[in-house]
Each structure stands twice: as structure tokens, then as C-alpha cells.
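Q: To be precise about what I am sending: the file is called coords_6.cif and holds mmCIF, C-alpha atoms.
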data_protein
#
loop_
_atom_site.group_PDB
_atom_site.id
_atom_site.type_symbol
_atom_site.label_atom_id
_atom_site.label_comp_id
_atom_site.auth_asym_id
_atom_site.auth_seq_id
_atom_site.Cartn_x
_atom_site.Cartn_y
_atom_site.Cartn_z
ATOM 1 C CA MET A 941 5.228 -5.462 14.085
ATOM 2 C CA LEU A 942 1.864 -5.697 15.835
ATOM 3 C CA ILE A 943 0.273 -9.115 16.321
ATOM 4 C CA SER A 944 -3.474 -9.504 15.826
ATOM 5 C CA CYS A 945 -5.837 -12.418 15.214
ATOM 6 C CA GLY A 946 -8.875 -13.397 13.190
ATOM 7 C CA CYS A 947 -12.282 -13.278 14.843
ATOM 8 C CA PRO A 948 -14.509 -16.392 14.671
ATOM 9 C CA VAL A 949 -16.653 -15.746 11.583
ATOM 10 C CA SER A 950 -16.362 -18.936 9.541
ATOM 11 C CA GLY A 951 -17.449 -22.525 10.048
ATOM 12 C CA VAL A 952 -18.438 -24.326 13.221
ATOM 13 C CA TRP A 953 -16.624 -22.063 15.671
ATOM 14 C CA ALA A 954 -18.538 -18.973 14.510
ATOM 15 C CA ASP A 955 -21.152 -18.984 17.279
ATOM 16 C CA PRO A 956 -22.104 -16.416 19.941
ATOM 17 C CA LEU A 957 -20.026 -17.876 22.781
ATOM 18 C CA SER A 958 -16.970 -18.336 20.581
ATOM 19 C CA VAL A 959 -17.116 -14.767 19.270
ATOM 20 C CA THR A 960 -17.276 -13.153 22.695
ATOM 21 C CA GLY A 961 -15.065 -15.683 24.452
ATOM 22 C CA PHE A 962 -12.363 -15.546 21.800
ATOM 23 C CA ALA A 963 -12.453 -11.734 21.677
ATOM 24 C CA MET A 964 -12.097 -11.439 25.444
ATOM 25 C CA ARG A 965 -9.313 -14.020 25.530
ATOM 26 C CA ALA A 966 -7.430 -12.313 22.673
ATOM 27 C CA GLU A 967 -7.634 -9.003 24.508
ATOM 28 C CA GLU A 968 -6.422 -10.655 27.728
ATOM 29 C CA LEU A 969 -3.438 -12.175 25.891
ATOM 30 C CA GLY A 970 -2.400 -8.814 24.450
ATOM 31 C CA TYR A 971 -3.388 -9.172 20.805
ATOM 32 C CA HIS A 972 -3.568 -5.791 19.080
ATOM 33 C CA GLY A 973 -6.625 -6.351 16.887
ATOM 34 C CA LEU A 974 -9.426 -8.676 15.922
ATOM 35 C CA TRP A 975 -10.179 -9.017 12.195
ATOM 36 C CA THR A 976 -13.170 -10.299 10.237
ATOM 37 C CA PHE A 977 -13.858 -10.748 6.525
ATOM 38 C CA GLN A 978 -16.928 -10.679 4.266
ATOM 39 C CA ARG A 979 -18.553 -13.425 2.230
ATOM 40 C CA LEU A 980 -22.233 -13.066 1.347
ATOM 41 C CA LEU A 981 -23.083 -16.191 -0.618
ATOM 42 C CA ALA A 982 -21.734 -19.531 -1.736
ATOM 43 C CA GLY A 983 -23.184 -20.180 -5.161
ATOM 44 C CA GLN A 984 -24.403 -23.654 -6.013
ATOM 45 C CA GLY A 985 -21.525 -25.399 -7.757
ATOM 46 C CA GLN A 986 -19.172 -22.456 -7.114
ATOM 47 C CA ASP A 987 -15.606 -23.586 -6.432
ATOM 48 C CA LEU A 988 -14.954 -22.092 -2.990
ATOM 49 C CA ALA A 989 -12.639 -23.044 -0.136
ATOM 50 C CA PRO A 990 -14.398 -24.412 2.988
ATOM 51 C CA VAL A 991 -13.675 -21.158 4.829
ATOM 52 C CA TYR A 992 -16.100 -19.325 2.511
ATOM 53 C CA ARG A 993 -19.061 -21.717 2.791
ATOM 54 C CA SER A 994 -20.523 -20.447 6.081
ATOM 55 C CA VAL A 995 -19.612 -16.908 7.187
ATOM 56 C CA LEU A 996 -21.135 -14.458 9.676
ATOM 57 C CA ASP A 997 -21.628 -10.815 8.749
ATOM 58 C CA PRO A 998 -18.326 -9.061 9.601
ATOM 59 C CA LEU A 999 -19.653 -5.801 11.026
ATOM 60 C CA LEU A 1000 -22.368 -7.387 13.154
ATOM 61 C CA THR A 1001 -19.814 -9.844 14.503
ATOM 62 C CA LEU A 1002 -17.402 -7.042 15.422
ATOM 63 C CA THR A 1003 -20.213 -5.106 17.110
ATOM 64 C CA TYR A 1004 -21.027 -8.217 19.143
ATOM 65 C CA ALA A 1005 -17.358 -8.534 20.131
ATOM 66 C CA ALA A 1006 -17.105 -4.819 20.911
ATOM 67 C CA ALA A 1007 -19.730 -5.150 23.637
ATOM 68 C CA ARG A 1008 -17.478 -7.518 25.622
ATOM 69 C CA THR A 1009 -14.089 -5.850 25.070
ATOM 70 C CA THR A 1010 -12.532 -2.493 25.862
ATOM 71 C CA ASP A 1011 -9.100 -2.166 24.240
ATOM 72 C CA ILE A 1012 -8.565 -4.541 21.324
ATOM 73 C CA ARG A 1013 -9.018 -2.948 17.906
ATOM 74 C CA LEU A 1014 -11.727 -4.247 15.590
ATOM 75 C CA GLY A 1015 -11.131 -4.497 11.849
ATOM 76 C CA VAL A 1016 -12.756 -5.862 8.707
ATOM 77 C CA ALA A 1017 -10.644 -7.083 5.795
ATOM 78 C CA VAL A 1018 -12.541 -6.372 3.660
ATOM 79 C CA ILE A 1019 -16.008 -5.022 2.901
ATOM 80 C CA ASN A 1020 -16.592 -5.208 -0.862
ATOM 81 C CA LEU A 1021 -17.632 -1.669 -1.663
ATOM 82 C CA PRO A 1022 -19.717 -2.337 -4.813
ATOM 83 C CA TYR A 1023 -22.204 -4.322 -2.713
ATOM 84 C CA VAL A 1024 -23.448 -1.388 -0.612
ATOM 85 C CA SER A 1025 -23.849 2.367 -0.970
ATOM 86 C CA PRO A 1026 -21.182 4.494 0.717
ATOM 87 C CA ALA A 1027 -23.821 6.338 2.752
ATOM 88 C CA TYR A 1028 -25.124 3.082 4.211
ATOM 89 C CA LEU A 1029 -21.641 1.810 5.013
ATOM 90 C CA ALA A 1030 -20.698 5.181 6.514
ATOM 91 C CA LYS A 1031 -23.582 4.849 8.970
ATOM 92 C CA GLN A 1032 -22.571 1.281 9.887
ATOM 93 C CA ALA A 1033 -18.905 2.199 10.287
ATOM 94 C CA THR A 1034 -19.700 5.280 12.343
ATOM 95 C CA THR A 1035 -22.045 3.336 14.609
ATOM 96 C CA LEU A 1036 -19.444 0.641 15.250
ATOM 97 C CA ASP A 1037 -16.816 3.281 15.917
ATOM 98 C CA VAL A 1038 -19.084 4.998 18.440
ATOM 99 C CA LEU A 1039 -20.150 1.784 20.189
ATOM 100 C CA SER A 1040 -16.568 0.528 20.413
ATOM 101 C CA GLY A 1041 -15.143 3.801 21.693
ATOM 102 C CA GLY A 1042 -13.151 4.502 18.518
ATOM 103 C CA ARG A 1043 -11.587 1.089 17.877
ATOM 104 C CA PHE A 1044 -12.754 0.337 14.329
ATOM 105 C CA ASP A 1045 -10.574 -0.126 11.216
ATOM 106 C CA LEU A 1046 -12.360 -0.281 7.847
ATOM 107 C CA GLY A 1047 -10.832 -2.365 5.066
ATOM 108 C CA LEU A 1048 -12.347 -2.021 1.604
ATOM 109 C CA GLY A 1049 -12.068 -4.103 -1.554
ATOM 110 C CA THR A 1050 -13.883 -4.339 -4.867
ATOM 111 C CA GLY A 1051 -14.864 -8.020 -4.743
ATOM 112 C CA TRP A 1052 -14.297 -11.021 -6.993
ATOM 113 C CA SER A 1053 -17.388 -13.257 -6.744
ATOM 114 C CA ASP A 1054 -19.665 -13.148 -9.802
ATOM 115 C CA VAL A 1055 -22.400 -14.752 -7.689
ATOM 116 C CA GLU A 1056 -22.277 -11.894 -5.197
ATOM 117 C CA PHE A 1057 -22.137 -9.237 -7.903
ATOM 118 C CA ALA A 1058 -25.314 -10.715 -9.411
ATOM 119 C CA ALA A 1059 -27.091 -11.026 -6.057
ATOM 120 C CA THR A 1060 -26.312 -7.425 -5.075
ATOM 121 C CA ASN A 1061 -26.950 -6.051 -8.579
ATOM 122 C CA SER A 1062 -23.505 -4.480 -8.486
ATOM 123 C CA ASP A 1063 -20.549 -3.972 -10.768
ATOM 124 C CA PRO A 1064 -17.039 -3.093 -9.545
ATOM 125 C CA ARG A 1065 -16.023 -1.473 -12.813
ATOM 126 C CA PRO A 1066 -14.300 0.878 -13.233
ATOM 127 C CA ARG A 1067 -12.532 -0.236 -10.064
ATOM 128 C CA GLY A 1068 -10.121 2.645 -9.688
ATOM 129 C CA ARG A 1069 -12.458 5.615 -10.181
ATOM 130 C CA ARG A 1070 -15.249 3.922 -8.218
ATOM 131 C CA THR A 1071 -12.977 3.216 -5.247
ATOM 132 C CA GLU A 1072 -11.563 6.733 -5.118
ATOM 133 C CA GLU A 1073 -15.005 8.296 -5.248
ATOM 134 C CA TYR A 1074 -16.332 5.885 -2.611
ATOM 135 C CA LEU A 1075 -13.627 6.998 -0.183
ATOM 136 C CA GLN A 1076 -14.421 10.643 -0.880
ATOM 137 C CA VAL A 1077 -18.058 10.053 0.045
ATOM 138 C CA LEU A 1078 -17.153 8.214 3.250
ATOM 139 C CA ARG A 1079 -14.838 10.974 4.384
ATOM 140 C CA THR A 1080 -17.433 13.614 3.506
ATOM 141 C CA LEU A 1081 -19.983 11.874 5.729
ATOM 142 C CA PHE A 1082 -17.517 11.139 8.547
ATOM 143 C CA THR A 1083 -17.133 14.865 9.280
ATOM 144 C CA GLY A 1084 -20.452 15.101 11.119
ATOM 145 C CA ARG A 1085 -21.116 18.447 9.436
ATOM 146 C CA VAL A 1086 -23.513 19.435 6.663
ATOM 147 C CA ALA A 1087 -21.941 18.082 3.504
ATOM 148 C CA ALA A 1088 -22.803 17.168 -0.068
ATOM 149 C CA PHE A 1089 -21.258 15.144 -2.856
ATOM 150 C CA ASP A 1090 -22.034 14.932 -6.572
ATOM 151 C CA GLY A 1091 -19.807 12.532 -8.450
ATOM 152 C CA GLU A 1092 -19.761 10.119 -11.353
ATOM 153 C CA PHE A 1093 -21.099 7.147 -9.371
ATOM 154 C CA TYR A 1094 -22.478 8.531 -6.100
ATOM 155 C CA ARG A 1095 -24.538 11.508 -5.014
ATOM 156 C CA VAL A 1096 -25.280 12.786 -1.499
ATOM 157 C CA PRO A 1097 -27.673 15.767 -1.143
ATOM 158 C CA PRO A 1098 -26.685 18.396 1.438
ATOM 159 C CA SER A 1099 -27.117 16.538 4.712
ATOM 160 C CA THR A 1100 -25.578 15.569 8.036
ATOM 161 C CA MET A 1101 -24.723 12.114 9.334
ATOM 162 C CA ALA A 1102 -24.800 12.127 13.113
ATOM 163 C CA PRO A 1103 -23.444 11.135 15.502
ATOM 164 C CA PRO A 1104 -19.968 11.472 14.012
ATOM 165 C CA PRO A 1105 -17.293 8.814 14.509
ATOM 166 C CA VAL A 1106 -15.190 8.895 17.663
ATOM 167 C CA GLN A 1107 -11.939 8.764 15.681
ATOM 168 C CA SER A 1108 -11.051 12.085 14.108
ATOM 169 C CA GLY A 1109 -11.765 11.898 10.390
ATOM 170 C CA GLY A 1110 -13.536 8.580 10.815
ATOM 171 C CA PRO A 1111 -12.254 5.017 11.080
ATOM 172 C CA PRO A 1112 -8.944 4.486 9.254
ATOM 173 C CA ILE A 1113 -9.602 3.155 5.755
ATOM 174 C CA LEU A 1114 -7.310 0.479 4.352
ATOM 175 C CA LEU A 1115 -7.540 -0.832 0.808
ATOM 176 C CA GLY A 1116 -7.136 -4.358 -0.493
ATOM 177 C CA GLY A 1117 -6.050 -5.464 -3.940
ATOM 178 C CA THR A 1118 -2.987 -7.052 -5.500
ATOM 179 C CA ALA A 1119 -2.598 -5.288 -8.853
ATOM 180 C CA ASP A 1120 0.018 -2.548 -8.902
ATOM 181 C CA ALA A 1121 -2.672 0.044 -9.655
ATOM 182 C CA ALA A 1122 -4.558 -0.985 -6.501
ATOM 183 C CA LEU A 1123 -1.364 -0.936 -4.437
ATOM 184 C CA ARG A 1124 -0.471 2.548 -5.655
ATOM 185 C CA ARG A 1125 -4.002 3.707 -4.855
ATOM 186 C CA ALA A 1126 -3.650 2.459 -1.273
ATOM 187 C CA GLY A 1127 -0.425 4.406 -0.959
ATOM 188 C CA ARG A 1128 -1.947 7.596 -2.342
ATOM 189 C CA ILE A 1129 -5.312 7.815 -0.609
ATOM 190 C CA ALA A 1130 -5.673 5.253 2.194
ATOM 191 C CA ALA A 1131 -4.289 4.621 5.665
ATOM 192 C CA GLY A 1132 -2.631 1.502 4.337
ATOM 193 C CA TRP A 1133 -2.948 -1.813 2.561
ATOM 194 C CA VAL A 1134 -4.577 -5.049 3.723
ATOM 195 C CA THR A 1135 -3.575 -8.239 1.937
ATOM 196 C CA SER A 1136 -5.440 -11.236 0.618
ATOM 197 C CA SER A 1137 -5.131 -14.575 2.417
ATOM 198 C CA ARG A 1138 -3.710 -15.961 -0.838
ATOM 199 C CA ALA A 1139 -0.769 -13.547 -1.039
ATOM 200 C CA SER A 1140 2.694 -15.086 -0.823
ATOM 201 C CA LEU A 1141 5.511 -13.622 1.234
ATOM 202 C CA GLN A 1142 7.183 -12.408 -1.965
ATOM 203 C CA GLU A 1143 3.969 -10.734 -3.158
ATOM 204 C CA ILE A 1144 3.558 -9.035 0.208
ATOM 205 C CA ALA A 1145 7.129 -7.700 0.170
ATOM 206 C CA HIS A 1146 6.554 -6.346 -3.348
ATOM 207 C CA GLY A 1147 3.204 -4.861 -2.382
ATOM 208 C CA ALA A 1148 4.607 -3.098 0.665
ATOM 209 C CA GLN A 1149 7.303 -1.492 -1.484
ATOM 210 C CA VAL A 1150 4.806 -0.317 -4.110
ATOM 211 C CA VAL A 1151 2.444 1.104 -1.472
ATOM 212 C CA ARG A 1152 5.174 3.033 0.325
ATOM 213 C CA ARG A 1153 6.721 4.321 -2.898
ATOM 214 C CA ALA A 1154 3.322 5.603 -4.053
ATOM 215 C CA ALA A 1155 2.809 7.325 -0.707
ATOM 216 C CA GLU A 1156 6.166 9.060 -0.974
ATOM 217 C CA GLU A 1157 5.444 10.175 -4.544
ATOM 218 C CA ALA A 1158 2.140 11.638 -3.289
ATOM 219 C CA GLY A 1159 3.932 13.668 -0.631
ATOM 220 C CA ARG A 1160 2.920 11.403 2.246
ATOM 221 C CA ASP A 1161 5.123 9.855 4.910
ATOM 222 C CA PRO A 1162 5.624 6.265 3.689
ATOM 223 C CA ASP A 1163 6.442 5.076 7.204
ATOM 224 C CA SER A 1164 3.005 6.181 8.422
ATOM 225 C CA LEU A 1165 1.176 3.686 6.224
ATOM 226 C CA ARG A 1166 -0.036 0.414 7.666
ATOM 227 C CA ILE A 1167 0.638 -2.913 5.955
ATOM 228 C CA VAL A 1168 -1.798 -5.437 7.431
ATOM 229 C CA VAL A 1169 -1.455 -9.121 6.587
ATOM 230 C CA ARG A 1170 -3.996 -11.876 7.108
ATOM 231 C CA GLY A 1171 -1.713 -14.769 8.011
ATOM 232 C CA VAL A 1172 -2.855 -18.302 7.257
ATOM 233 C CA VAL A 1173 -1.738 -20.535 10.147
ATOM 234 C CA ARG A 1174 -1.047 -24.257 9.736
ATOM 235 C CA ALA A 1175 -0.096 -25.350 13.244
ATOM 236 C CA GLY A 1176 1.556 -28.764 13.564
ATOM 237 C CA LEU A 1177 2.235 -29.436 9.890
ATOM 238 C CA ARG A 1178 5.216 -27.774 8.247
ATOM 239 C CA ASP A 1179 4.807 -26.521 4.705
ATOM 240 C CA ASP A 1180 7.673 -24.405 3.398
ATOM 241 C CA ALA A 1181 5.227 -22.528 1.149
ATOM 242 C CA VAL A 1182 3.284 -21.400 4.269
ATOM 243 C CA PRO A 1183 5.532 -19.304 6.555
ATOM 244 C CA LEU A 1184 3.163 -19.650 9.531
ATOM 245 C CA SER A 1185 3.237 -23.445 9.638
ATOM 246 C CA GLY A 1186 4.841 -26.165 11.742
ATOM 247 C CA THR A 1187 5.906 -25.892 15.366
ATOM 248 C CA TRP A 1188 5.321 -22.797 17.490
ATOM 249 C CA ASP A 1189 8.952 -21.769 16.999
ATOM 250 C CA GLN A 1190 8.672 -22.229 13.229
ATOM 251 C CA ILE A 1191 5.503 -20.120 13.145
ATOM 252 C CA ARG A 1192 7.150 -17.357 15.167
ATOM 253 C CA ALA A 1193 10.152 -17.471 12.847
ATOM 254 C CA GLY A 1194 7.746 -17.162 9.921
ATOM 255 C CA ALA A 1195 6.181 -14.127 11.539
ATOM 256 C CA GLN A 1196 9.600 -12.457 11.589
ATOM 257 C CA LEU A 1197 9.825 -12.965 7.833
ATOM 258 C CA TYR A 1198 6.686 -10.855 7.466
ATOM 259 C CA ALA A 1199 8.221 -8.134 9.632
ATOM 260 C CA GLN A 1200 11.320 -8.163 7.416
ATOM 261 C CA ALA A 1201 9.041 -7.834 4.367
ATOM 262 C CA GLY A 1202 7.717 -4.518 5.699
ATOM 263 C CA VAL A 1203 4.523 -5.687 7.404
ATOM 264 C CA THR A 1204 3.319 -3.504 10.287
ATOM 265 C CA GLU A 1205 0.528 -5.799 11.563
ATOM 266 C CA LEU A 1206 0.209 -9.572 11.233
ATOM 267 C CA SER A 1207 -3.111 -11.267 11.975
ATOM 268 C CA TYR A 1208 -3.093 -14.964 12.841
ATOM 269 C CA ASP A 1209 -6.364 -15.893 11.142
ATOM 270 C CA LEU A 1210 -7.538 -19.282 12.380
ATOM 271 C CA ASN A 1211 -10.613 -19.205 10.151
ATOM 272 C CA TRP A 1212 -8.340 -20.618 7.422
ATOM 273 C CA ASP A 1213 -7.496 -23.676 9.546
ATOM 274 C CA PRO A 1214 -9.762 -26.449 8.161
ATOM 275 C CA PHE A 1215 -10.034 -27.966 11.645
ATOM 276 C CA ILE A 1216 -11.480 -24.665 12.904
ATOM 277 C CA GLY A 1217 -13.062 -22.643 10.083
ATOM 278 C CA SER A 1218 -14.697 -25.425 8.079
ATOM 279 C CA PRO A 1219 -18.453 -26.004 8.505
ATOM 280 C CA ASP A 1220 -17.676 -29.735 8.658
ATOM 281 C CA ALA A 1221 -15.205 -29.503 11.551
ATOM 282 C CA ASP A 1222 -15.966 -30.869 15.007
ATOM 283 C CA PRO A 1223 -17.224 -27.924 17.116
ATOM 284 C CA ARG A 1224 -15.594 -28.953 20.391
ATOM 285 C CA ALA A 1225 -12.277 -29.834 18.799
ATOM 286 C CA ALA A 1226 -12.328 -26.576 16.820
ATOM 287 C CA GLY A 1227 -12.723 -24.503 19.972
ATOM 288 C CA GLU A 1228 -9.980 -26.374 21.795
ATOM 289 C CA ARG A 1229 -7.575 -26.051 18.872
ATOM 290 C CA ALA A 1230 -8.288 -22.322 18.520
ATOM 291 C CA GLU A 1231 -7.609 -21.754 22.227
ATOM 292 C CA GLN A 1232 -4.360 -23.709 22.022
ATOM 293 C CA ILE A 1233 -3.071 -21.746 19.028
ATOM 294 C CA LEU A 1234 -4.214 -18.375 20.357
ATOM 295 C CA THR A 1235 -2.440 -18.973 23.673
ATOM 296 C CA ALA A 1236 0.748 -20.434 22.187
ATOM 297 C CA LEU A 1237 1.255 -17.528 19.755
ATOM 298 C CA ALA A 1238 0.189 -14.725 22.096
ATOM 299 C CA PRO A 1239 2.343 -11.592 21.729
ATOM 300 C CA ASN A 1240 2.724 -11.399 25.516
ATOM 301 C CA GLY A 1241 3.668 -15.084 25.767
#
Would it be possible to restate this file's structure as C-alpha cells?
A:
Amino acid sequence: MLISCGCPVSGVWADPLSVTGFAMRAEELGYHGLWTFQRLLAGQGQDLAPVYRSVLDPLLTLTYAAARTTDIRLGVAVINLPYVSPAYLAKQATTLDVLSGGRFDLGLGTGWSDVEFAATNSDPRPRGRRTEEYLQVLRTLFTGRVAAFDGEFYRVPPSTMAPPPVQSGGPPILLGGTADAALRRAGRIAAGWVTSSRASLQEIAHGAQVVRRAAEEAGRDPDSLRIVVRGVVRAGLRDDAVPLSGTWDQIRAGAQLYAQAGVTELSYDLNWDPFIGSPDADPRAAGERAEQILTALAPNG
């Protein structure tokens, strides 16, 4: 199982020096990837966790980190596809892939915030057909050749998007979602599945099985699919409901539980630590705590 980490995008530690410094340090320590997430707005009176109240744009943050790194992969989990046209996202994803030398992983979801749906004048429904068509458009544009698309939700006149991505076929596309229909879709048409921060270990084990079974039924190699987990870390305070909590040894033991559940990549996402990712946290203490956790859990440690 590969070990990755969350990039500073939320709360007081999401500043220019933290983004570049953390990315460089994670690469130095041997972390496989650096992951961001998307949150556009916090509606007035909306019941949101502190991690969602102040969030940098995920793709701009990864581009900023890409400029100071050379090897660590850069992923977003996830961009909510109803918010933006596939042609626009294809250009952003291609640009990041080119500027990073082919290190970008694109996670997609359909969103859940009514505030953001209203603000972007978007509607995720019907989720299944919309998602499948969205991926078809992305892959059409990632070829770098003259292409066209005329579907139920999206249309692209004959045109070329250049330059093409560095990675053949474009950045790998992973899908989010927890419903069985979404899991089966990830197994059929995507490079893998990326989980929600709220998913339990049991839900992840179930999801991995559904994804791989759907891949096999579609004639794909189930072992080739990626199962990427955003792991919520609670360093120093043991909670049996949170596998990555407690002492360093307890957190590492929790990580092994994810590997046994079929996970191929675990991201220690410190944005979900209220002492780091909250807008009310102490900036200096947040940075020091993030450095301590990143170093203690390093895959090369």
C-alpha cells in the first residue's frame, strides 16, 4: 500500500509557505502523493465541519506545489463535476499534467452541497448518466487530436485541445461516491475509487470489493484498479472508531487495517485535524504539529 498525504488547503496552515514547504518536505520523506479537495462556499448557517469553512482552490494549490517538486504525485479528491464544464476542466487538468511533468491524478465526484449547486447553477442529476458522459468528453479532449462529442448533456464541436497531457490518455480519473451504483461505475469506467473522509473501515472494505467485482464483470483486471483512501488522522488521542488515531504505533497499525481492506493508497490528510485545518487554529502551532505528524508517519521512517 502506498502512503500519501493531504496538501495544506484548509484553515490557517493553507498559506503559500506551508503549501510549498509541506510539499517539498513530503517529497523528501518519500510520500507517494499529495492530495487536495474542493469546497467552493460555506453557506450562512450551513452546518459544516471546520475543515470546510476556509479552503483554497485544489487545482491552483497543486499547480503551486508542482513548481517546487519533481517526483511526488499530485491528486485532487474530488472535483465536483456538475460545477464546471468538462471542456474547461480538461484544459485545467491537461495544463497541470504538462506543468508537473505528468504527475496529476484527477478525482471526480458529483457534489452534495445545495449551496454550491445554487451558486454554480448546476444540478448533478441524473448522476450516473451525467458522470459517464463527462468522462467520455474528458477522454475525447485528452487525445490531442481533432475530436467531437454530441451527447445528452455535453457537446463539443470538432476541435483540438492542445497541448495534450503528458500521461498517455490523460491524467488517471478516479471516481468518488459511496452508493453501490457509484462504486460499480468506478469499477467499470475509471482508474479506481477515491473515498470520502467520512467512510468507515467497514464501508471501505465493502466498497473495494464492489469496485473490483464490477471491474472483473466488465472484463477489466480488478487488481489494476486503485483504491485511494483519505485517512483522517487523530494523533495523540485514541478513538477506536478512528483507525488512524492514538500513538504513532497505533496509527501505523490502523494503516495496516486499510491495507487488509484492499486499499492501494492511503493519504494521511491533516486538514481534518482541528488543530491544523481549522480557521480558528493557532498558525504556528498548526505548522509545528503538521511537521511532527508528517515526519513521524513518513513511509521511509
Q: I'd like the contact shell of Ala1221 of chain A - 12 Å cut-off, only C-alpha atoms, skipping same-chain residues fewer than 3 positions apart - returned as a list in words.
A: Ser950, Gly951, Val952, Trp953, Ala954, Pro990, Val991, Ser994, Asn1211, Trp1212, Asp1213, Pro1214, Phe1215, Ile1216, Gly1217, Ser1218, Arg1224, Ala1225, Ala1226, Gly1227, Glu1228 and Arg1229 of chain A
Q: Limited to C-alpha atoms, could you put the picked residues into a file as a PDB file, in the coordinates of the input?
A:
ATOM      1  CA  SER A 950     -16.362 -18.936   9.541  1.00  0.00           C
ATOM      2  CA  GLY A 951     -17.449 -22.525  10.048  1.00  0.00           C
ATOM      3  CA  VAL A 952     -18.438 -24.326  13.221  1.00  0.00           C
ATOM      4  CA  TRP A 953     -16.624 -22.063  15.671  1.00  0.00           C
ATOM      5  CA  ALA A 954     -18.538 -18.973  14.510  1.00  0.00           C
ATOM      6  CA  PRO A 990     -14.398 -24.412   2.988  1.00  0.00           C
ATOM      7  CA  VAL A 991     -13.675 -21.158   4.829  1.00  0.00           C
ATOM      8  CA  SER A 994     -20.523 -20.447   6.081  1.00  0.00           C
ATOM      9  CA  ASN A1211     -10.613 -19.205  10.151  1.00  0.00           C
ATOM     10  CA  TRP A1212      -8.340 -20.618   7.422  1.00  0.00           C
ATOM     11  CA  ASP A1213      -7.496 -23.676   9.546  1.00  0.00           C
ATOM     12  CA  PRO A1214      -9.762 -26.449   8.161  1.00  0.00           C
ATOM     13  CA  PHE A1215     -10.034 -27.966  11.645  1.00  0.00           C
ATOM     14  CA  ILE A1216     -11.480 -24.665  12.904  1.00  0.00           C
ATOM     15  CA  GLY A1217     -13.062 -22.643  10.083  1.00  0.00           C
ATOM     16  CA  SER A1218     -14.697 -25.425   8.079  1.00  0.00           C
ATOM     17  CA  ARG A1224     -15.594 -28.953  20.391  1.00  0.00           C
ATOM     18  CA  ALA A1225     -12.277 -29.834  18.799  1.00  0.00           C
ATOM     19  CA  ALA A1226     -12.328 -26.576  16.820  1.00  0.00           C
ATOM     20  CA  GLY A1227     -12.723 -24.503  19.972  1.00  0.00           C
ATOM     21  CA  GLU A1228      -9.980 -26.374  21.795  1.00  0.00           C
ATOM     22  CA  ARG A1229      -7.575 -26.051  18.872  1.00  0.00           C
TER      23      ARG A1229
END
Q: Which residues match the PyMOL selection byres ((chain A and resi 1112-1125) around 7) in the file above, as a PyMOL selection string?
A: chain A and resi 1045-1049+1110-1111+1126-1135+1147+1150-1151+1154
Q: I'd like to see the residues matched by the PyMOL selection byres ((chain A and resi 1051) around 10) on this file, and ideally I'd get them as a PyMOL selection string.
A: chain A and resi 978-979+1018-1023+1048-1050+1052-1054+1056-1057+1063-1064+1067+1116-1117
Q: I need the residues from that last selection saved to file as an mmCIF file, keeping the file's coordinate frame (with C-alpha atoms), if you can.
A:
data_model
loop_
_atom_site.group_PDB
_atom_site.id
_atom_site.type_symbol
_atom_site.label_atom_id
_atom_site.label_comp_id
_atom_site.auth_asym_id
_atom_site.auth_seq_id
_atom_site.Cartn_x
_atom_site.Cartn_y
_atom_site.Cartn_z
ATOM 1 C CA GLN A 978 -16.928 -10.679 4.266
ATOM 2 C CA ARG A 979 -18.553 -13.425 2.230
ATOM 3 C CA VAL A 1018 -12.541 -6.372 3.660
ATOM 4 C CA ILE A 1019 -16.008 -5.022 2.901
ATOM 5 C CA ASN A 1020 -16.592 -5.208 -0.862
ATOM 6 C CA LEU A 1021 -17.632 -1.669 -1.663
ATOM 7 C CA PRO A 1022 -19.717 -2.337 -4.813
ATOM 8 C CA TYR A 1023 -22.204 -4.322 -2.713
ATOM 9 C CA LEU A 1048 -12.347 -2.021 1.604
ATOM 10 C CA GLY A 1049 -12.068 -4.103 -1.554
ATOM 11 C CA THR A 1050 -13.883 -4.339 -4.867
ATOM 12 C CA TRP A 1052 -14.297 -11.021 -6.993
ATOM 13 C CA SER A 1053 -17.388 -13.257 -6.744
ATOM 14 C CA ASP A 1054 -19.665 -13.148 -9.802
ATOM 15 C CA GLU A 1056 -22.277 -11.894 -5.197
ATOM 16 C CA PHE A 1057 -22.137 -9.237 -7.903
ATOM 17 C CA ASP A 1063 -20.549 -3.972 -10.768
ATOM 18 C CA PRO A 1064 -17.039 -3.093 -9.545
ATOM 19 C CA ARG A 1067 -12.532 -0.236 -10.064
ATOM 20 C CA GLY A 1116 -7.136 -4.358 -0.493
ATOM 21 C CA GLY A 1117 -6.050 -5.464 -3.940
#
Q: Measuring between all atoms listed in the file, which one of A:Gln1200, A:Gly1159, A:Leu1141, A:Arg1008 shows the shortest distance to Leu957 of chain A?
A: A:Arg1008
Q: Starting from the PyMOL selection byres ((chain A and resi 961) around 12), expand the selection into actual residues of this file and give them as a list in words.
A: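 Output of the PyMOL selection byres ((chain A and resi 961) around 12): Cys947, Pro948, Trp953, Ala954, Asp955, Pro956, Leu957, Ser958, Val959, Thr960, Phe962, Ala963, Met964, Arg965, Ala966, Glu967, Glu968, Tyr1004, Ala1005, Ala1006, Ala1007, Arg1008, Thr1009, Gly1227, Ala1230, Glu1231 and Leu1234 of chain A.
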Q: What gap, in Å, lies between atom CA of Arg1160 of chain A and atom CA of Arg1043 of chain A?
A: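 Going from atom CA of Arg1160 of chain A over to atom CA of Arg1043 of chain A covers 23.7 Å.
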Q: Give me the residues of segment 1006-1032 of chain A that have any atom at most 10 Å from an atom of segment 1073-1093 of chain A; for each, the nearest atom pair and the distance in Å, rounded to one decimal. Use all atoms listed in the file, sort by chain and number, and format it as JSON lines.
A:
{"residue": "A:Leu1021", "atom": "CA", "partner": "A:Tyr1074", "partner_atom": "CA", "distance": 7.7}
{"residue": "A:Pro1022", "atom": "CA", "partner": "A:Tyr1074", "partner_atom": "CA", "distance": 9.2}
{"residue": "A:Ser1025", "atom": "CA", "partner": "A:Tyr1074", "partner_atom": "CA", "distance": 8.5}
{"residue": "A:Pro1026", "atom": "CA", "partner": "A:Leu1078", "partner_atom": "CA", "distance": 6.0}
{"residue": "A:Ala1027", "atom": "CA", "partner": "A:Leu1078", "partner_atom": "CA", "distance": 6.9}
{"residue": "A:Tyr1028", "atom": "CA", "partner": "A:Leu1078", "partner_atom": "CA", "distance": 9.5}
{"residue": "A:Leu1029", "atom": "CA", "partner": "A:Leu1078", "partner_atom": "CA", "distance": 8.0}
{"residue": "A:Ala1030", "atom": "CA", "partner": "A:Leu1078", "partner_atom": "CA", "distance": 5.7}
{"residue": "A:Lys1031", "atom": "CA", "partner": "A:Leu1081", "partner_atom": "CA", "distance": 8.5}
Q: Go ahead and compute the interatomic distance for atom CA of Val1106 of chain A and atom CA of Val1038 of chain A, in Å to one decimal.
A: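 It comes out at 5.6 Å.
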Q: Quick one: 3 Å padding each side, axis-aligned, all listed atoms of segment 1068-1071 of chain A - centre and edge lengths in Å to one decimal, as lines of an AutoDock Vina configuration file?
A:
center_x = -12.7
center_y = 4.1
center_z = -7.7
size_x = 11.1
size_y = 9.0
size_z = 10.9
